[in-house]
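Note: the block below is run.txt and it holds compact mmCIF, C-alpha atoms and all ligand atoms.
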# COMPACT_ATOMS: atom_id res chain seq x y z
CA MET A 1 9.64 -14.64 -2.20
CA ALA A 2 7.95 -12.24 -4.62
CA THR A 3 5.39 -9.61 -3.76
CA GLU A 4 2.78 -8.55 -6.29
CA THR A 5 0.70 -5.42 -5.82
CA ALA A 6 -1.15 -5.22 -9.11
CA GLY A 7 -2.33 -7.52 -11.88
CA ARG A 8 -2.84 -10.96 -10.42
CA ALA A 9 -3.10 -9.54 -6.92
CA LYS A 10 -6.48 -8.18 -7.99
CA ASP A 11 -7.62 -11.78 -8.58
CA TYR A 12 -6.60 -12.89 -5.13
CA LYS A 13 -9.96 -14.49 -4.36
CA ALA A 14 -9.73 -16.54 -7.55
CA MET A 15 -6.25 -17.65 -6.50
CA ILE A 16 -7.55 -18.69 -3.09
CA ARG A 17 -10.44 -20.63 -4.66
CA GLU A 18 -8.02 -22.38 -6.98
CA ALA A 19 -5.59 -23.27 -4.16
CA VAL A 20 -8.22 -24.62 -1.78
CA SER A 21 -10.08 -26.62 -4.45
CA CYS A 22 -7.08 -28.87 -5.14
CA GLY A 23 -7.73 -31.84 -2.85
CA GLU A 24 -4.22 -33.26 -3.32
CA THR A 25 -2.37 -30.14 -2.20
CA PHE A 26 -4.56 -27.87 -0.05
CA LEU A 27 -3.54 -27.90 3.64
CA ARG A 28 -4.95 -24.85 5.38
CA LEU A 29 -6.51 -21.42 4.89
CA THR A 30 -6.24 -18.84 7.70
CA MET A 31 -8.01 -15.47 7.60
CA SER A 32 -7.59 -12.92 10.39
CA GLY A 33 -7.66 -9.25 11.36
CA GLY A 34 -10.36 -6.88 10.12
CA ILE A 35 -9.91 -4.20 7.45
CA ARG A 36 -9.90 -0.79 9.16
CA GLY A 37 -13.38 0.63 9.63
CA GLU A 38 -15.16 -2.64 8.81
CA SER A 39 -16.35 -5.20 11.29
CA ILE A 40 -15.85 -8.93 11.13
CA PRO A 41 -17.84 -11.45 13.15
CA TRP A 42 -14.73 -13.42 14.18
CA ILE A 43 -11.15 -12.48 14.91
CA LYS A 44 -9.92 -15.43 12.86
CA ALA A 45 -11.19 -18.30 10.73
CA VAL A 46 -9.26 -21.45 9.78
CA VAL A 47 -10.25 -23.97 7.12
CA ARG A 48 -8.67 -27.40 6.58
CA PRO A 49 -9.70 -30.60 4.83
CA VAL A 50 -10.73 -33.53 7.04
CA GLU A 51 -12.11 -37.00 6.40
CA LEU A 52 -15.43 -37.90 8.04
CA ARG A 53 -17.16 -41.25 7.51
CA GLY A 54 -14.76 -41.95 4.67
CA GLU A 55 -15.61 -38.75 2.78
CA ARG A 56 -13.72 -35.51 2.38
CA HIS A 57 -15.19 -32.65 4.37
CA TYR A 58 -13.90 -29.20 5.24
CA GLN A 59 -13.45 -28.14 8.82
CA PHE A 60 -14.10 -24.44 9.47
CA ILE A 61 -13.02 -23.08 12.87
CA TYR A 62 -14.41 -19.64 13.67
CA TYR A 63 -12.64 -17.84 16.53
CA GLU A 64 -14.49 -15.21 18.53
CA SER A 65 -11.83 -15.40 21.22
CA LYS A 66 -9.18 -18.02 21.99
CA LYS A 67 -11.95 -20.64 21.76
CA GLY A 68 -13.05 -21.63 18.29
CA ILE A 69 -16.42 -22.87 17.08
CA THR A 70 -15.86 -25.85 14.78
CA LYS A 71 -18.17 -26.74 11.88
CA ASN A 72 -17.58 -29.54 9.38
CA TYR A 73 -19.07 -29.11 5.90
CA SER A 74 -19.40 -31.66 3.10
CA GLY A 75 -17.75 -31.14 -0.29
CA ALA A 76 -21.13 -30.00 -1.67
CA GLU A 77 -21.57 -27.34 1.04
CA PHE A 78 -17.96 -26.19 0.89
CA PRO A 79 -18.07 -23.68 -2.06
CA GLN A 80 -20.93 -21.73 -0.49
CA ARG A 81 -19.23 -21.62 2.95
CA LEU A 82 -15.95 -20.56 1.37
CA GLU A 83 -17.66 -17.74 -0.54
CA ALA A 84 -19.26 -16.53 2.71
CA LEU A 85 -15.80 -16.38 4.29
CA LEU A 86 -14.20 -14.67 1.28
CA SER A 87 -16.88 -11.98 1.38
CA MET A 88 -15.82 -10.98 4.93
CA PRO A 89 -13.42 -8.01 5.20
CA PHE A 90 -10.43 -9.96 6.56
CA ARG A 91 -7.11 -8.18 6.20
CA LEU A 92 -4.63 -11.06 6.48
CA ILE A 93 -4.97 -14.27 4.50
CA HIS A 94 -2.58 -17.20 4.48
CA VAL A 95 -3.09 -20.22 2.21
CA GLN A 96 -0.85 -23.21 2.85
CA THR A 97 -0.51 -25.97 0.25
CA THR A 98 2.03 -28.74 -0.24
CA SER A 99 3.51 -26.80 -3.17
CA GLY A 100 3.75 -23.32 -1.63
CA ASP A 101 2.24 -20.61 0.54
CA LEU A 102 0.25 -17.57 -0.45
CA HIS A 103 0.26 -14.53 1.86
CA ILE A 104 -2.27 -11.80 1.17
CA ARG A 105 -2.46 -8.53 3.06
CA ILE A 106 -4.97 -5.75 2.44
CA THR A 107 -3.39 -2.41 3.33
CA LYS A 108 -5.13 0.49 5.09
CA LYS A 109 -5.69 2.07 1.65
CA GLY A 110 -7.28 -1.13 0.32
CA LYS A 111 -4.29 -2.20 -1.78
CA VAL A 112 -3.84 -5.97 -2.08
CA LEU A 113 -0.30 -7.21 -1.40
CA LEU A 114 0.25 -10.79 -2.45
CA THR A 115 3.37 -12.79 -1.65
CA LYS A 116 4.21 -16.33 -2.71
CA ALA A 117 6.58 -18.32 -0.55
CA ARG A 118 8.03 -21.80 -0.23
CA PRO A 119 5.75 -24.26 1.61
CA SER A 120 5.86 -23.63 5.36
CA ARG A 121 4.42 -27.09 6.04
CA THR A 122 6.19 -30.16 4.84
CA GLU A 123 3.59 -32.91 4.90
CA PRO A 124 3.55 -34.47 1.40
CA ARG A 125 -0.26 -34.62 1.36
CA PRO A 126 -3.13 -33.25 3.46
CA HIS A 127 -3.42 -34.82 6.91
CA LEU A 128 -7.12 -35.71 7.05
CA ALA A 129 -7.53 -37.06 10.59
CA HIS A 130 -10.57 -35.37 12.10
CA ASN A 131 -9.25 -34.93 15.61
CA ARG A 132 -5.54 -34.30 15.85
CA VAL A 133 -3.58 -35.97 18.60
CA LYS A 134 -3.88 -33.35 21.33
CA GLY A 135 -1.02 -32.08 23.39
CA TYR A 136 1.60 -30.29 21.31
CA PRO A 137 1.10 -26.95 19.52
CA ILE A 138 3.70 -28.06 16.93
CA PRO A 139 2.41 -31.60 16.34
CA ARG A 140 4.75 -34.55 16.56
CA ASP A 141 2.77 -36.45 13.91
CA THR A 142 3.52 -34.06 11.03
CA PRO A 143 6.87 -33.60 9.26
CA ASP A 144 8.00 -30.04 9.93
CA ARG A 145 10.68 -28.39 7.78
CA PHE A 146 11.84 -26.12 10.63
CA LEU A 147 12.19 -28.93 13.19
CA GLN A 148 13.98 -31.00 10.54
CA GLY A 149 16.25 -28.03 9.73
CA ILE A 150 17.42 -27.62 13.34
CA GLY A 151 17.85 -31.37 13.80
CA ILE A 152 14.93 -32.09 16.15
CA MET A 153 13.00 -34.21 13.63
CA ASP A 154 14.48 -36.72 11.22
CA SER A 155 13.77 -36.73 7.50
CA SER A 156 10.80 -39.09 7.95
CA GLY A 157 9.13 -36.68 10.39
CA GLU A 158 9.93 -38.50 13.66
CA VAL A 159 11.19 -36.53 16.68
CA LYS A 160 14.70 -37.92 17.30
CA PRO A 161 15.06 -39.83 20.59
CA THR A 162 17.86 -37.49 21.78
CA MET A 163 15.76 -34.41 20.99
CA GLN A 164 12.60 -35.30 22.93
CA ASN A 165 13.38 -32.80 25.73
CA LYS A 166 14.07 -29.93 23.33
CA PHE A 167 10.85 -30.77 21.45
CA ARG A 168 8.87 -30.67 24.73
CA GLN A 169 10.56 -27.43 25.81
CA ILE A 170 9.72 -25.72 22.50
CA ASN A 171 6.10 -26.81 22.75
CA GLU A 172 5.76 -25.84 26.39
CA PHE A 173 7.15 -22.38 25.65
CA ILE A 174 4.69 -21.99 22.76
CA ARG A 175 1.79 -23.14 24.94
CA LEU A 176 2.62 -20.57 27.66
CA MET A 177 3.08 -17.79 25.11
CA SER A 178 -0.19 -18.62 23.30
CA GLN A 179 -2.14 -18.65 26.57
CA ALA A 180 -0.72 -15.23 27.47
CA ILE A 181 -1.59 -13.84 24.00
CA ALA A 182 -5.16 -15.12 24.26
CA ARG A 183 -5.63 -13.73 27.80
CA SER A 184 -4.22 -10.30 27.03
CA GLY A 185 -6.48 -9.60 24.04
CA LEU A 186 -3.62 -9.58 21.51
CA ALA A 187 -5.06 -12.49 19.50
CA GLY A 188 -5.77 -11.58 15.87
CA ARG A 189 -3.50 -8.49 15.96
CA GLU A 190 -0.17 -7.96 14.23
CA LEU A 191 2.51 -8.63 16.84
CA THR A 192 6.05 -7.52 17.54
CA ILE A 193 8.12 -9.77 19.79
CA VAL A 194 11.61 -9.09 21.16
CA ASP A 195 13.59 -12.04 22.53
CA CYS A 196 16.31 -10.75 24.89
CA GLY A 197 19.40 -12.98 25.09
CA CYS A 198 18.14 -15.19 22.26
CA GLY A 199 21.33 -17.32 22.09
CA ASN A 200 21.05 -19.85 19.24
CA ALA A 201 17.39 -18.80 19.10
CA TYR A 202 15.69 -22.17 18.66
CA LEU A 203 12.85 -20.91 20.84
CA THR A 204 12.73 -17.61 18.96
CA PHE A 205 12.47 -19.42 15.63
CA ALA A 206 9.93 -21.86 17.04
CA GLY A 207 7.74 -19.03 18.37
CA TYR A 208 7.78 -17.32 14.98
CA HIS A 209 7.15 -20.60 13.16
CA TYR A 210 4.16 -21.45 15.33
CA LEU A 211 2.56 -18.01 15.25
CA HIS A 212 3.21 -17.23 11.60
CA HIS A 213 3.15 -20.56 9.77
CA ILE A 214 0.81 -22.60 11.95
CA GLN A 215 -1.51 -19.91 13.37
CA GLY A 216 -1.32 -17.49 10.43
CA VAL A 217 -0.50 -14.50 12.67
CA SER A 218 1.28 -11.52 11.14
CA VAL A 219 4.31 -11.22 13.41
CA ARG A 220 7.72 -9.56 13.49
CA VAL A 221 10.24 -11.22 15.79
CA ILE A 222 13.53 -9.62 16.84
CA GLY A 223 16.23 -11.58 18.63
CA ILE A 224 19.03 -9.77 20.46
CA ASP A 225 22.16 -11.18 22.03
CA ARG A 226 25.51 -9.73 23.08
CA GLU A 227 27.43 -12.47 21.20
CA VAL A 228 28.13 -11.48 17.61
CA GLU A 229 28.79 -15.06 16.49
CA LEU A 230 25.42 -16.26 17.70
CA ILE A 231 23.72 -13.42 15.86
CA GLU A 232 25.54 -14.37 12.65
CA GLN A 233 24.43 -18.01 13.06
CA CYS A 234 20.83 -16.93 13.64
CA ASN A 235 20.83 -14.75 10.52
CA GLU A 236 22.30 -17.65 8.51
CA LEU A 237 19.59 -20.04 9.73
CA CYS A 238 16.98 -17.42 8.90
CA ASP A 239 18.34 -17.09 5.34
CA SER A 240 18.52 -20.84 4.86
CA LEU A 241 14.87 -21.19 5.90
CA GLY A 242 13.89 -18.25 3.68
CA TRP A 243 11.94 -16.62 6.52
CA SER A 244 11.53 -12.87 6.37
CA GLY A 245 9.70 -11.96 9.58
CA LEU A 246 12.69 -12.53 11.88
CA GLU A 247 15.65 -10.22 12.52
CA PHE A 248 18.65 -10.60 14.81
CA PHE A 249 20.83 -7.85 16.26
CA GLN A 250 23.94 -7.87 18.37
CA ALA A 251 23.29 -5.70 21.43
CA ARG A 252 23.29 -5.74 25.18
CA ILE A 253 19.72 -6.02 26.41
CA ALA A 254 19.90 -2.81 28.44
CA ASP A 255 21.21 -0.87 25.41
CA TYR A 256 18.74 -2.11 22.82
CA ALA A 257 16.52 0.71 21.55
CA ALA A 258 13.34 -0.76 20.09
CA GLU A 259 11.97 1.04 17.02
CA VAL A 260 8.45 -0.01 17.97
CA ALA A 261 7.43 -0.91 21.52
CA PRO A 262 7.14 -4.71 21.46
CA ASP A 263 3.90 -6.46 22.37
CA ILE A 264 5.80 -9.33 23.92
CA VAL A 265 9.20 -9.35 25.61
CA LEU A 266 10.85 -12.73 26.07
CA SER A 267 13.86 -13.61 28.14
CA LEU A 268 14.54 -17.33 28.18
CA HIS A 269 17.42 -18.36 30.38
CA ALA A 270 19.34 -15.12 29.87
CA CYS A 271 22.21 -15.16 32.34
CA ASP A 272 21.92 -13.74 35.88
CA THR A 273 20.79 -10.11 35.91
CA ALA A 274 20.23 -10.09 32.10
CA THR A 275 16.76 -11.34 33.07
CA ASP A 276 16.31 -8.12 35.10
CA GLU A 277 17.48 -6.01 32.14
CA ALA A 278 14.87 -7.72 29.92
CA ILE A 279 12.05 -7.31 32.45
CA ALA A 280 13.01 -3.64 32.95
CA GLN A 281 12.97 -3.03 29.19
CA GLY A 282 9.53 -4.66 28.93
CA VAL A 283 8.18 -2.40 31.68
CA VAL A 284 9.70 0.75 30.15
CA TRP A 285 8.32 -0.21 26.71
CA GLN A 286 4.96 -0.90 28.43
CA SER A 287 4.81 -4.24 26.68
CA PRO A 288 1.52 -6.06 27.30
CA ILE A 289 3.28 -9.40 27.91
CA ILE A 290 6.62 -10.22 29.55
CA LEU A 291 7.72 -13.86 29.78
CA ALA A 292 10.98 -14.49 31.61
CA ALA A 293 12.51 -17.86 32.43
CA PRO A 294 15.40 -16.95 34.77
CA CYS A 295 18.79 -18.57 34.55
CA CYS A 296 21.73 -18.69 36.98
CA GLN A 297 21.35 -16.03 39.71
CA HIS A 298 24.21 -14.61 41.71
CA GLU A 299 23.34 -11.14 42.91
CA LEU A 300 21.24 -11.75 46.05
CA ARG A 301 23.23 -14.65 47.50
CA PRO A 302 25.91 -12.46 49.12
CA GLN A 303 23.26 -10.00 50.32
CA ILE A 304 20.83 -12.25 52.16
CA GLU A 305 20.87 -12.06 55.90
CA ALA A 306 18.18 -12.99 58.41
CA SER A 307 19.24 -14.44 61.72
CA PRO A 308 16.39 -16.96 62.22
CA PHE A 309 17.49 -18.51 58.93
CA GLU A 310 21.07 -19.16 60.01
CA PRO A 311 20.53 -22.97 59.97
CA VAL A 312 19.41 -22.65 56.33
CA LEU A 313 21.96 -20.11 55.13
CA LYS A 314 25.00 -21.93 56.53
CA HIS A 315 24.57 -24.58 53.79
CA GLY A 316 25.79 -23.24 50.43
CA ILE A 317 23.22 -25.09 48.36
CA LEU A 318 20.31 -24.03 50.58
CA LYS A 319 21.56 -20.45 50.60
CA GLN A 320 21.66 -20.47 46.78
CA ARG A 321 18.15 -21.91 46.52
CA THR A 322 16.85 -19.36 49.01
CA ALA A 323 18.51 -16.56 47.02
CA ASP A 324 16.99 -17.91 43.78
CA ILE A 325 13.49 -18.02 45.27
CA LEU A 326 13.83 -14.51 46.71
CA THR A 327 15.17 -13.12 43.41
CA ASP A 328 12.19 -14.41 41.45
CA ALA A 329 9.66 -13.50 44.14
CA CYS A 330 10.99 -9.91 44.17
CA ARG A 331 10.86 -9.73 40.35
CA ALA A 332 7.25 -10.90 40.35
CA GLN A 333 6.30 -8.46 43.12
CA ILE A 334 7.92 -5.47 41.37
CA LEU A 335 5.97 -6.37 38.23
CA ARG A 336 2.73 -6.48 40.27
CA ILE A 337 3.47 -3.05 41.75
CA LEU A 338 4.01 -1.72 38.23
CA GLY A 339 0.63 -2.99 37.05
CA TYR A 340 1.40 -6.46 35.70
CA ARG A 341 -0.77 -9.43 36.63
CA THR A 342 2.07 -11.81 37.41
CA ASP A 343 2.50 -15.43 38.30
CA VAL A 344 5.43 -17.77 38.53
CA VAL A 345 4.76 -21.12 36.87
CA GLN A 346 6.62 -24.28 35.96
CA PHE A 347 8.13 -23.91 32.49
CA ILE A 348 9.49 -27.39 31.89
CA ASP A 349 9.36 -30.48 34.05
CA SER A 350 12.13 -30.24 36.69
CA LYS A 351 13.40 -33.68 35.68
CA HIS A 352 14.69 -32.06 32.45
CA THR A 353 16.34 -28.96 33.97
CA PRO A 354 16.50 -27.20 37.34
CA LYS A 355 15.98 -23.87 35.51
CA ASN A 356 12.32 -24.59 35.10
CA LEU A 357 10.48 -21.44 36.21
CA MET A 358 8.72 -18.88 34.12
CA ILE A 359 7.68 -15.44 35.33
CA ARG A 360 4.55 -14.64 33.34
CA ALA A 361 3.44 -11.02 33.45
CA GLU A 362 0.48 -9.43 31.67
CA LYS A 363 -0.09 -5.68 31.76
CA THR A 364 -3.16 -4.22 33.46
CA SER A 365 -4.06 -0.66 34.44
CA ASN A 366 -3.84 -1.43 38.18
CA LEU A 367 -0.56 0.29 39.17
CA GLY A 368 0.75 0.92 42.66
CA ASN A 369 -1.28 -1.73 44.50
CA ARG A 370 -0.83 -0.87 48.18
CA SER A 371 -0.70 -4.38 49.53
CA ALA A 372 1.81 -5.40 46.83
CA ILE A 373 4.04 -2.48 47.88
CA ALA A 374 3.72 -3.33 51.59
CA GLN A 375 4.54 -7.00 50.95
CA TYR A 376 7.57 -6.10 48.83
CA LYS A 377 8.92 -3.71 51.49
CA ALA A 378 8.39 -6.26 54.27
CA LEU A 379 10.17 -8.97 52.29
CA THR A 380 13.18 -6.88 51.26
CA ASP A 381 13.54 -5.33 54.74
CA PHE A 382 13.45 -8.72 56.42
CA TRP A 383 16.16 -10.16 54.15
CA LYS A 384 18.09 -6.86 53.86
CA ILE A 385 18.20 -7.08 50.08
CA GLU A 386 18.05 -4.62 47.22
CA PRO A 387 17.39 -6.54 43.96
CA SER A 388 18.79 -5.39 40.63
CA LEU A 389 15.35 -4.98 39.14
CA GLU A 390 14.48 -2.43 41.82
CA ARG A 391 17.57 -0.41 40.87
CA LEU A 392 16.87 -0.71 37.12
CA LEU A 393 13.28 0.47 37.60
CA GLN A 394 13.90 3.05 40.32
CA ASP A 395 12.31 5.88 38.30
CA GLU A 396 9.20 3.82 37.59
CA LEU A 397 8.96 2.69 41.23
CA ALA A 398 9.72 6.10 42.76
CA PRO A 399 6.08 7.25 42.84
CA TYR A 400 5.18 4.19 44.89
CA PHE A 401 7.94 4.03 47.44
CA GLU A 402 11.17 5.62 48.47
CA ARG A 403 14.00 3.52 49.82
CA ASP A 404 16.43 5.02 52.35
C1 LIG B 1 21.77 -19.63 28.31
S1 LIG B 1 21.67 -18.72 26.84
C2 LIG B 1 19.96 -18.87 26.48
C3 LIG B 1 19.65 -18.76 25.03
C4 LIG B 1 18.19 -18.88 24.63
N1 LIG B 1 17.38 -17.80 25.11
C5 LIG B 1 17.59 -20.20 25.03
O1 LIG B 1 16.71 -20.23 25.87
O2 LIG B 1 18.01 -21.23 24.49
C6 LIG B 1 21.81 -17.04 27.43
C7 LIG B 1 22.10 -16.03 26.33
O3 LIG B 1 21.94 -14.73 26.87
C8 LIG B 1 22.95 -13.89 26.33
N2 LIG B 1 23.13 -12.76 27.23
C9 LIG B 1 23.47 -12.79 28.55
N3 LIG B 1 23.50 -11.56 29.07
C10 LIG B 1 23.16 -10.71 28.07
C11 LIG B 1 23.00 -9.29 27.99
N4 LIG B 1 23.16 -8.52 29.06
N5 LIG B 1 22.65 -8.76 26.81
C12 LIG B 1 22.48 -9.54 25.71
N6 LIG B 1 22.61 -10.89 25.72
C13 LIG B 1 22.95 -11.47 26.89
C14 LIG B 1 24.16 -14.79 26.21
O4 LIG B 1 25.08 -14.33 25.25
C15 LIG B 1 23.51 -16.12 25.81
O5 LIG B 1 23.50 -16.29 24.43
Take the structure in the file and write it out as structure tokens.
Amino acid sequence: MATETAGRAKDYKAMIREAVSCGETFLRLTMSGGIRGESIPWIKAVVRPVELRGERHYQFIYYESKKGITKNYSGAEFPQRLEALLSMPFRLIHVQTTSGDLHIRITKKGKVLLTKARPSRTEPRPHLAHNRVKGYPIPRDTPDRFLQGIGIMDSSGEVKPTMQNKFRQINEFIRLMSQAIARSGLAGRELTIVDCGCGNAYLTFAGYHYLHHIQGVSVRVIGIDREVELIEQCNELCDSLGWSGLEFFQARIADYAAEVAPDIVLSLHACDTATDEAIAQGVVWQSPIILAAPCCQHELRPQIEASPFEPVLKHGILKQRTADILTDACRAQILRILGYRTDVVQFIDSKHTPKNLMIRAEKTSNLGNRSAIAQYKALTDFWKIEPSLERLLQDELAPYFERD
């Protein structure tokens, strides 16, 4: 990758015109984020070629919010519509072609930074179907260099039969994350994401790939894990893909000191109370979005006690399931008390894995909700439990209740 700040960078609009006018290679143009002090009518605009009634048209999608307004223009109308878009003060521009990508960023001082990169999309020619097959954020009908690199797609662009579940999991994670971004007003902004307990980081890479390469979002993604070998592998994969917006660090979640408070904290199947460490970090960083898919849980099982439930608790498997449900219910309730609109949703179909929950929390200004506090106290008193997350966030919770 090479960044230019002078010379040809000044002609960036000419470079965009040239890239989009080549029918054989142009795939997509994404413009987003307004230049400081100037207003733009949409938070993002996306342009791609499509075929309508046998003729090449250009589809413009203008986003005022998560919903876009779609307009299709003929080849004759296209130059005028493109000029109208180029005259808008967008700050981030991403042009994707079959031969390479162009990233343009206008700084606060009005300097134009232009970076050329290898193609982030791998289709050999523009995909002109008007309506894409709906369903997956990373489409299954388009060869994808990242999915091929991690072995989910074969060289012809087919999802391998043994990788169907992983493909679905990646897409489901992206769908949940995108919904949360749209709801919390972060769409169109530069984002920082920290993935706690990233492991081999397929989901971390996939999230970056979707946001940056497919949606054109300017995003920095940081993966942390306690295992040094995994971090080395992640950095190697990052180098081999030539991606620069991802970084990986070896650290325990509770010890990780973020340089910049992340917009999104992820914790996807981090073991046992590592999920609590990630949620606690997200709360302390005041991150607008926390998404946690819990993994194995051990801490509450030995604690739970409630005599009417003796017929349930005497069976090991039922006791474990009860402890799992209570652990996640307490996590969600603590998040509500601390001002997060929180729900617990299905992450992946339970036929693929029993670890299929996601705690989805989005920050609001409504802290210390009285009924949330009363419900939490009643629940923990009844079961005689003190969850890890309560201990980790005792300072934050102290204003709202005191435990004996
Ligand atoms: C089951 S893997 C999940 C990996 C990945 N997030 C995914 O969904 O595929 C759990 C990861 O969490 C890491 N982990 C567990 N506890 C941790 C802690 N306290 N701090 C940092 N990493 C931790 C483990 O090393 C492991 O790589």
| request: Check every protein, DNA and RNA residue against ligand LIG 1 (chain B), keep those with an atom at most 8 Å away (counting only C-alpha atoms and all ligand atoms), and present them as a PyMOL selection string. | output: chain A and resi 195-204+224-227+230+250-254+267-275+277+295
| field | Contacts of region 379-388 of chain A within 12 Å, all atoms listed in the file, excl. fewer than 2 positions in-chain, as a ChimeraX atom specification | value | /A:272-280,297-310,313,322-334,372-377,390-394,403-404
| field | Test item: residues at most 7 Å from Arg48 (chain A), only C-alpha atoms, excluding those fewer than 4 positions along its chain, as number ranges by chain | value | A: 27-29, 58-60
Same residues, C-alpha atoms, output as an mmCIF file, keeping the file's coordinate frame:
data_model
loop_
_atom_site.group_PDB
_atom_site.id
_atom_site.type_symbol
_atom_site.label_atom_id
_atom_site.label_comp_id
_atom_site.auth_asym_id
_atom_site.auth_seq_id
_atom_site.Cartn_x
_atom_site.Cartn_y
_atom_site.Cartn_z
ATOM 1 C CA LEU A 27 -3.540 -27.900 3.640
ATOM 2 C CA ARG A 28 -4.950 -24.850 5.380
ATOM 3 C CA LEU A 29 -6.510 -21.420 4.890
ATOM 4 C CA TYR A 58 -13.900 -29.200 5.240
ATOM 5 C CA GLN A 59 -13.450 -28.140 8.820
ATOM 6 C CA PHE A 60 -14.100 -24.440 9.470
#
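In this comparison, which uses only C-alpha atoms, the residue of A:Ser240, A:Gln179, A:Thr142, A:Gln233 approaching Glu158 (chain A) most closely is A:Thr142.
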| query | Which of these, A:Ala293, A:Ile35, A:Val284, A:Ile174, has the shortest distance to Pro139 (chain A) once you count only C-alpha atoms? | reply |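 Comparing A:Ala293, A:Ile35, A:Val284, A:Ile174 against Pro139 (chain A), the winner is A:Ile174.
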| What is the CA of Ile150 (chain A)-CA of Met163 (chain A) distance in Å, reported with one decimal? |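 It comes out at 10.4 Å.
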| said: One decimal, in Å: what's the spacing between CA of Ala258 (chain A) and CA of Asn366 (chain A)? | reply: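 Value for the CA of Ala258 (chain A)-CA of Asn366 (chain A) distance: 25.0 Å.
Residue nearest Gly33 (chain A), chosen from A:His213, A:Arg91, A:His57, A:Arg81 and counting only C-alpha atoms: A:Arg91.
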| request: Starting from the point (-9.3, 2.0, 9.9), work out which residues of protein, DNA or RNA have an atom no more than 12 Å away when counting only C-alpha atoms; state them as a list in words. | output: Gly33, Gly34, Ile35, Arg36, Gly37, Glu38, Ser39, Pro89, Arg91, Ile106, Thr107, Lys108, Lys109 and Gly110 of chain A
| field | For Ile222 (chain A): contacts at 8 Å, all atoms listed in the file, fewer than 3 positions along chain excluded, given as a ChimeraX atom specification | value | /A:192-195,246-249
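Residues with any atom within 10 Å of Ile61 (chain A), counting only C-alpha atoms and excluding same-chain neighbours fewer than 6 positions away, are A:Thr30, A:Trp42, A:Lys44, A:Ala45, A:Val46, A:Val47, A:Arg48, A:Lys67, A:Gly68, A:Ile69, A:Thr70, A:Lys71, A:Asn72.
The two atoms in question, CA of Thr364 (chain A) and CA of Arg189 (chain A), are spaced 18.0 Å apart.
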| request: Can you work out which one of A:Ile289, A:Ala14, A:Ala84, A:Leu338 has the shortest atom-to-atom distance to Gly185 (chain A), counting all atoms listed in the file? | output: A:Ile289
| message | Nearest residue to Ile138 (chain A) out of A:Ile104, A:Ile152, A:Ile214, A:Met358, using only C-alpha atoms? | response |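 Answer, going by the shortest atom-to-atom distance: A:Ile214.
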| said: Using only C-alpha atoms, can you tell me which of A:Leu367, A:Met177, A:Val217, A:Leu211 comes closest to Glu396 (chain A)? | reply: A:Leu367
Could you pull region 169-180 of chain A out of the structure I just pasted and write it to a file containing N, CA and C atoms, as a compact mmCIF listing (two decimals), in the first residue's frame?
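Output saved as selection22.txt:
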# COMPACT_ATOMS: atom_id res chain seq x y z
N GLN A 169 -22.28 -18.63 10.74
CA GLN A 169 -21.96 -17.96 12.02
C GLN A 169 -21.35 -16.58 11.76
N ILE A 170 -20.43 -16.51 10.80
CA ILE A 170 -19.79 -15.23 10.46
C ILE A 170 -20.87 -14.23 10.03
N ASN A 171 -21.76 -14.66 9.17
CA ASN A 171 -22.79 -13.75 8.66
C ASN A 171 -23.79 -13.34 9.73
N GLU A 172 -24.11 -14.26 10.62
CA GLU A 172 -25.06 -13.93 11.68
C GLU A 172 -24.43 -12.91 12.64
N PHE A 173 -23.16 -13.11 12.94
CA PHE A 173 -22.45 -12.15 13.80
C PHE A 173 -22.45 -10.76 13.14
N ILE A 174 -22.15 -10.73 11.84
CA ILE A 174 -22.10 -9.43 11.14
C ILE A 174 -23.48 -8.79 11.13
N ARG A 175 -24.52 -9.59 10.95
CA ARG A 175 -25.88 -9.05 10.91
C ARG A 175 -26.22 -8.40 12.26
N LEU A 176 -25.90 -9.10 13.37
CA LEU A 176 -26.21 -8.56 14.70
C LEU A 176 -25.40 -7.29 14.96
N MET A 177 -24.13 -7.31 14.56
CA MET A 177 -23.28 -6.13 14.80
C MET A 177 -23.78 -4.94 13.97
N SER A 178 -24.16 -5.19 12.71
CA SER A 178 -24.62 -4.09 11.84
C SER A 178 -25.91 -3.49 12.38
N GLN A 179 -26.80 -4.34 12.86
CA GLN A 179 -28.07 -3.83 13.42
C GLN A 179 -27.77 -2.92 14.61
N ALA A 180 -26.84 -3.38 15.47
CA ALA A 180 -26.52 -2.58 16.67
C ALA A 180 -25.89 -1.25 16.26
